[in-house]
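See structure below.
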Amino acid sequence: MADSPSAFSVAHGKESSAPIYRLDTAAFAVALQRASDLDELAAMAHDCDRCGLRAGCRTVVFGEGNPRARLLLVGEGPGATEDAMGRPFVGKAGELLDRILEAAGFHRADVYIANVVMCRPPGNRVPTPEEMSACRPYLERRLALVDPPLIVALGATATRALLRPNARITQERGRWHRVDGRWVMPTYHPAALLRDPSKKKAVWDDFQLVREFYRRLS
Ligand code: URA
């Protein structure tokens, strides 16, 4: 919790009502580790203003899905519909993502859906490296809590966030990458498919690989 005395007391050995996001970096990291489930982490996130994005959006879109999902998808950041509804991937790109998932044999409720940043960047611009860094501890803690063996990076921003800053989606998509003990499959973002339907075949192929690996894990 953002104002959680227990989290603060871990960081400082005493109780206080200081908001977690105002703690220094080390204390913030300790407080994050204290979040023992997704609800606690979401409560912290909803009270966060570690970067300028929070001031310009309506709500923090934490993410949603199966807390024990074996497949976690990472997008870029909320758009207007997501910001209005407080849920990830519920606009046009989200509708397409649902169809992609179904076509690959997944139910949305079985997977977990997150974003590189939880607050909508103004005008849907790409989040800056500073904004991505500010949000990153939340993504990392969520990965630790959900602990999915498989991750799909949706689009260039997620691919750069998960692989390396200069990674190129055109080169990295379609094959598995081992990252911190998990397997990451980069593929095109659904919004890119809406702009350029010729990318559909590639995404279909990528999700077949995901499905195959997922089945082998079962
Ligand atoms: N695009 C994203 O990257 N994430 C969302 O949640 C919605 C659209």
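Within each chain, counting starts at residue 1; across the structure tokens, chains are named A, B, ... in the order shown, with ligands numbered 1 upward in that order.
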Report as a Markdown table the residues of chain A within 6 Å of ligand 1, each with its shortest atom pair and distance in Å (one decimal), using only C-alpha atoms and all ligand atoms, ordered by chain and increasing residue number.
| residue | atom | partner | partner_atom_place_in_ligand_line | distance |
| --- | --- | --- | --- | --- |
| A:Gly75 | CA | ligand 1 | 3 (O) | 3.7 |
| A:Glu76 | CA | ligand 1 | 3 (O) | 3.5 |
| A:Gly77 | CA | ligand 1 | 4 (N) | 4.3 |
| A:Pro78 | CA | ligand 1 | 6 (O) | 4.1 |
| A:Gly79 | CA | ligand 1 | 8 (C) | 5.1 |
| A:Glu82 | CA | ligand 1 | 6 (O) | 5.9 |
| A:Pro88 | CA | ligand 1 | 6 (O) | 3.6 |
| A:Phe89 | CA | ligand 1 | 6 (O) | 3.8 |
| A:Ala93 | CA | ligand 1 | 8 (C) | 5.8 |
| A:Asn115 | CA | ligand 1 | 4 (N) | 5.7 |
Strand (DSSP E or B) residues, from DSSP on the backbone, in chain A, as a PyMOL selection string | chain A and resi 64-65+71-75+112-115+150-154+177-179+182-187
Residues as selected, C-alpha atoms, written as an mmCIF file, in the first residue's frame, can you do that?
data_model
loop_
_atom_site.group_PDB
_atom_site.id
_atom_site.type_symbol
_atom_site.label_atom_id
_atom_site.label_comp_id
_atom_site.auth_asym_id
_atom_site.auth_seq_id
_atom_site.Cartn_x
_atom_site.Cartn_y
_atom_site.Cartn_z
ATOM 1 C CA GLU A 64 -5.103 -7.730 -15.103
ATOM 2 C CA GLY A 65 -5.463 -11.430 -15.569
ATOM 3 C CA LEU A 71 1.798 -16.628 -20.151
ATOM 4 C CA LEU A 72 2.155 -12.890 -19.540
ATOM 5 C CA LEU A 73 1.772 -10.292 -22.278
ATOM 6 C CA VAL A 74 3.462 -6.908 -22.108
ATOM 7 C CA GLY A 75 2.219 -3.970 -24.167
ATOM 8 C CA TYR A 112 -1.912 -11.883 -17.537
ATOM 9 C CA ILE A 113 -1.767 -8.553 -19.389
ATOM 10 C CA ALA A 114 0.564 -5.728 -18.373
ATOM 11 C CA ASN A 115 2.232 -2.716 -19.963
ATOM 12 C CA LEU A 150 6.521 -17.372 -21.010
ATOM 13 C CA ILE A 151 6.218 -13.700 -21.954
ATOM 14 C CA VAL A 152 5.009 -12.137 -25.185
ATOM 15 C CA ALA A 153 6.417 -8.670 -25.842
ATOM 16 C CA LEU A 154 3.837 -6.816 -27.907
ATOM 17 C CA HIS A 177 14.814 -15.083 -26.105
ATOM 18 C CA ARG A 178 15.956 -16.238 -22.672
ATOM 19 C CA VAL A 179 15.661 -13.327 -20.219
ATOM 20 C CA ARG A 182 11.956 -16.726 -18.657
ATOM 21 C CA TRP A 183 11.271 -17.139 -22.368
ATOM 22 C CA VAL A 184 10.317 -13.984 -24.227
ATOM 23 C CA MET A 185 8.659 -13.959 -27.656
ATOM 24 C CA PRO A 186 8.592 -10.536 -29.302
ATOM 25 C CA THR A 187 5.880 -9.952 -31.872
#
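Look at Glu102 of chain A: the protein and nucleic acid residues within 12 Å of it, using only C-alpha atoms and passing over chain neighbours fewer than 6 places away, are Glu95, Leu96, Arg108, Ala109, Asp110, Val111, Trp204, Phe207, Gln208 and Arg211 of chain A.
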With C-alpha atoms retained, export the selected residues as a PDB file, in the first residue's frame.
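Everything below was put into result09.pdb:
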ATOM      1  CA  GLU A  95     -10.248  -6.209 -29.345  1.00  0.00           C
ATOM      2  CA  LEU A  96      -7.771  -7.428 -31.919  1.00  0.00           C
ATOM      3  CA  ARG A 108      -7.898 -13.768 -22.035  1.00  0.00           C
ATOM      4  CA  ALA A 109      -8.769 -14.804 -18.488  1.00  0.00           C
ATOM      5  CA  ASP A 110      -5.997 -17.419 -18.486  1.00  0.00           C
ATOM      6  CA  VAL A 111      -3.170 -15.016 -19.272  1.00  0.00           C
ATOM      7  CA  TRP A 204      -0.088 -15.655 -36.349  1.00  0.00           C
ATOM      8  CA  PHE A 207       1.541 -17.079 -31.563  1.00  0.00           C
ATOM      9  CA  GLN A 208       1.682 -20.604 -32.951  1.00  0.00           C
ATOM     10  CA  ARG A 211       0.928 -21.999 -28.196  1.00  0.00           C
TER      11      ARG A 211
END
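Those residues that approach Val126 of chain A to within 10 Å, counting only C-alpha atoms, are A:Glu76, A:Gly77, A:Val117, A:Arg120, A:Pro121, A:Pro122, A:Gly123, A:Pro129, A:Glu131, A:Met132, A:Ala156, A:Thr157; same-chain residues fewer than 3 positions away are not listed.
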Those in segment 58-110 of chain A with helix (DSSP H, G or I) from DSSP, as a PyMOL selection string = chain A and resi 80-85+92-103+108-110
Lys200 of chain A surroundings by only C-alpha atoms, 12 Å radius, close-in-sequence under 3 positions cut, as number ranges by chain = A: 96-97, 99-100, 103, 187-197, 203-207
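Of the listed residues (A:Ala202, A:Leu163, A:Cys119, A:Val210), A:Cys119 comes nearest to Arg54 of chain A; the distances count only C-alpha atoms.
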Option closest in space to Leu53 of chain A, from A:Gly86, A:Gly155, A:Pro127, A:Gly94 [counting only C-alpha atoms] = A:Pro127
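Coordinates place atom CA of Ala161 of chain A at a distance of 9.1 Å from atom CA of Ser133 of chain A.
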Excluding Pro137 of chain A and residues on its chain fewer than 5 positions from it, collect all residues at most 9 Å away from it, counting only C-alpha atoms, and give them as a ChimeraX atom specification.
-> /A:29,32,142
Distance query Gln33 of chain A at most 10 Å, only C-alpha atoms, self and fewer than 4 positions along chain excluded, as a list in words | Ala7, Val10, Ala27, Phe28, Ala29, Asp37, Leu41, Pro137, Tyr138, Arg141, Ala144 and Leu145 of chain A
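Interatomic distance, atom CA of Ala158 of chain A against atom CA of Val116 of chain A: 6.2 Å.
Interatomic distance, atom CA of Ser36 of chain A to atom CA of Pro67 of chain A: 12.1 Å.
Nearest to Arg70 of chain A of all the residues A:Ser218, A:Gln171, A:Thr128, A:Asn166 is A:Ser218, based on only C-alpha atoms.
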